[in-house]
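Visitor: Just passing along the structure, written as structure tokens.
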Amino acid sequence: MLVLFETAAGYAIFKVLDESKLQEIDSLWKEFETPEKANKVVKLKHFEKFQDTTEALAAATAMTEGKIGKSLKKVLKKVVAKEAHEQLAISDAKLGGVIKDKLNLSCVHSPAVAELMRGIRNQMEGLITGLPPREISAMSLGLAHSLSRYKLKFSPDKVDTMIVQAISLLDDLDKELNNYIMRCREWYGWHFPELGKIVTDNLAYCKSVRKIGDRTNVSSTDLSDILPEEVEAEVKLAAEISMGTEVSEQDIGNIMHLCDQVIEITEYRSQLYDYLKNRMTAIAPNLTVMVGELVGARLISHAGSLLNLAKHPASTVQILGAEKALFRALKTRKDTPKYGLIYHASLVGQTTAKNKGKISRMLAAKAALAIRYDALGEDTNAEMGVENRAKLEARLRHLEEKGIRRISGTGKAMAKADKYQHKSDVKMYDPSGDSTIPSTSKKRKFEEVEEEAEEPVTPVVKVKKPKKEPVAEEEPETSAAAEETPKKKKKKKDKKAEAAEEPKEEEQEVAISEESTEKKKKKKKKKVKEEEEDE
């Protein structure tokens, strides 16, 4: 039996001297305790050394992927094919299948073979002659670094450190430019203050100052390549009636030197922005499509790297950059922030204030997917980012239309905007709460007011009732109950008496009216009789 063993230095082919020892798997390790014992079990037949680390890396990657490299194929044809009747022991079953198909060699992979490989690895320095241990360790270290770099798919185009440094430098340049321009405007404003109000663009202002110098030179200076014709005419007119002070040539020289600095920094900033744009398109194309170059670069810079950012959930990506506000809200038990750095994305900026929270949440969810695809995916296209952005834009349109539409009986109709009416609730101070004396209940007060209103003006004749003799010591409980009767019962009785007297008075009035009518009739009859008698 032959054994194929791969080292960092090259391929080694061993011949097994005693195959019977392979059957005792548990005790096989004892045969490799010393180099002398190991030489009695296996013997080196052929060793093919790698020329450089590149060849070693190619051979190692091919073996890990289960493929036959060029150098391995050469060794197998040269050595093993001569002894085709021998079995070839290998460490990878997948590789054995490929060798069997292409070279028609019988391959063996079993637990005994794995134990044998472990023993050869332990005594490799003693079994492979001609290679010093120092050289083997150096080659092993080089191959380990190369192989790990290959497995991580390390590429100089994927280095996100450049993005972190570039966006930090861009922010620093913006701060310095603002300071320089402010100083330049203030300094030259003593000499020609009107120019600062006419020319608002900072770069155009510095170029104009650089070209004009002293304001007396404005009439003879051509500013058409910097400013529009109308602005140029306004500058020339303002220079004639300027209220600025006179300055020396030395002062003008220093101001012009400052303008040169501003122009150079502005040009470098635009160059740096183009570089950052290209790096973001190469490293994180999907994230760039979703949130833009600057916001994407700031997210990567805040997280430390693209891989660290890919580990964050969407909720963290949403509030990344607003940690101070988040912890303050948690401490004071108030509403947490809805967005952080992602607020500056174009999709969030073009929404209304009511929908900013919803869009930032949806954008963070899609951006988290885009970040993971960019960091861990093998493709470098931006198809997923374009597709997700289109979905977000459609959702944004739906949210914006939802606010101005309503569902009617016939379908969707435009909602009519009602006129705004300001309703202010003015609350009056209730002084009843100041008193510590217990007041009577509102219900009782209401009943007393009603009774006072219903009392008639006419006096009520009270009917005297015969007094009942009190029953002594027979019903003490009833007498006590009678004494404790509330005033309400008395008032109810008065009401009933009044109600009974009212119908009696009405009956009396009816009876009086009937008597008067009868008397009138009798008088009329008497008159008629007297007239008849006279006739």
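Every chain in the structure tokens takes a letter, A first, then B, and so on in the order presented; its residues are numbered from 1, and the ligands are numbered from 1 following the presented order.
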Residues within 10 Å of stretch 116-122 of chain A, please, as number ranges by chain. Count only C-alpha atoms; anything in the same chain fewer than 4 positions from it doesn't count.

Guide: A: 3-7, 14, 16, 21-22, 25, 28-35, 38-39, 41-42, 89-91, 110-112, 126-128

Visitor: Write out as a list in words the residues lying within 6 Å of stretch 374-385 of chain A, counting only C-alpha atoms and excluding same-chain residues fewer than 3 positions away.

Guide: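 Contacts, in chain order: Ala284, Pro285, Asn286, Val289, Met290, Leu307, Ile371 and Asn388 of chain A.
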
Visitor: May I ask which of the residues A:Glu48, A:Glu234, A:Asp26, A:Asp92 is the closest one to A:Ile13, counting only C-alpha atoms?

Guide: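 Going through A:Glu48, A:Glu234, A:Asp26, A:Asp92 one by one, the smallest distance to A:Ile13 is for A:Glu48.
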
Visitor: Would you please give, as a VMD selection string, all residues of stretch 122-174 of chain A that DSSP assigns to helix (DSSP H, G or I) based on the backbone?

Guide: chain A and resid 122 124 to 127 133 to 151 156 to 158 161 to 174

Visitor: Calculate how many Å separate atom CA of A:Arg389 from atom CA of A:Lys366, rounding to one decimal.

Guide: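 These atoms are spaced 8.2 Å apart.
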
Visitor: Of the candidates A:Ile265, A:Lys73, A:Thr281, A:Asp18, which one gets nearest to A:Asn178 if we count only C-alpha atoms?

Guide: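 Checking each candidate against A:Asn178, we get A:Ile265 as the closest.
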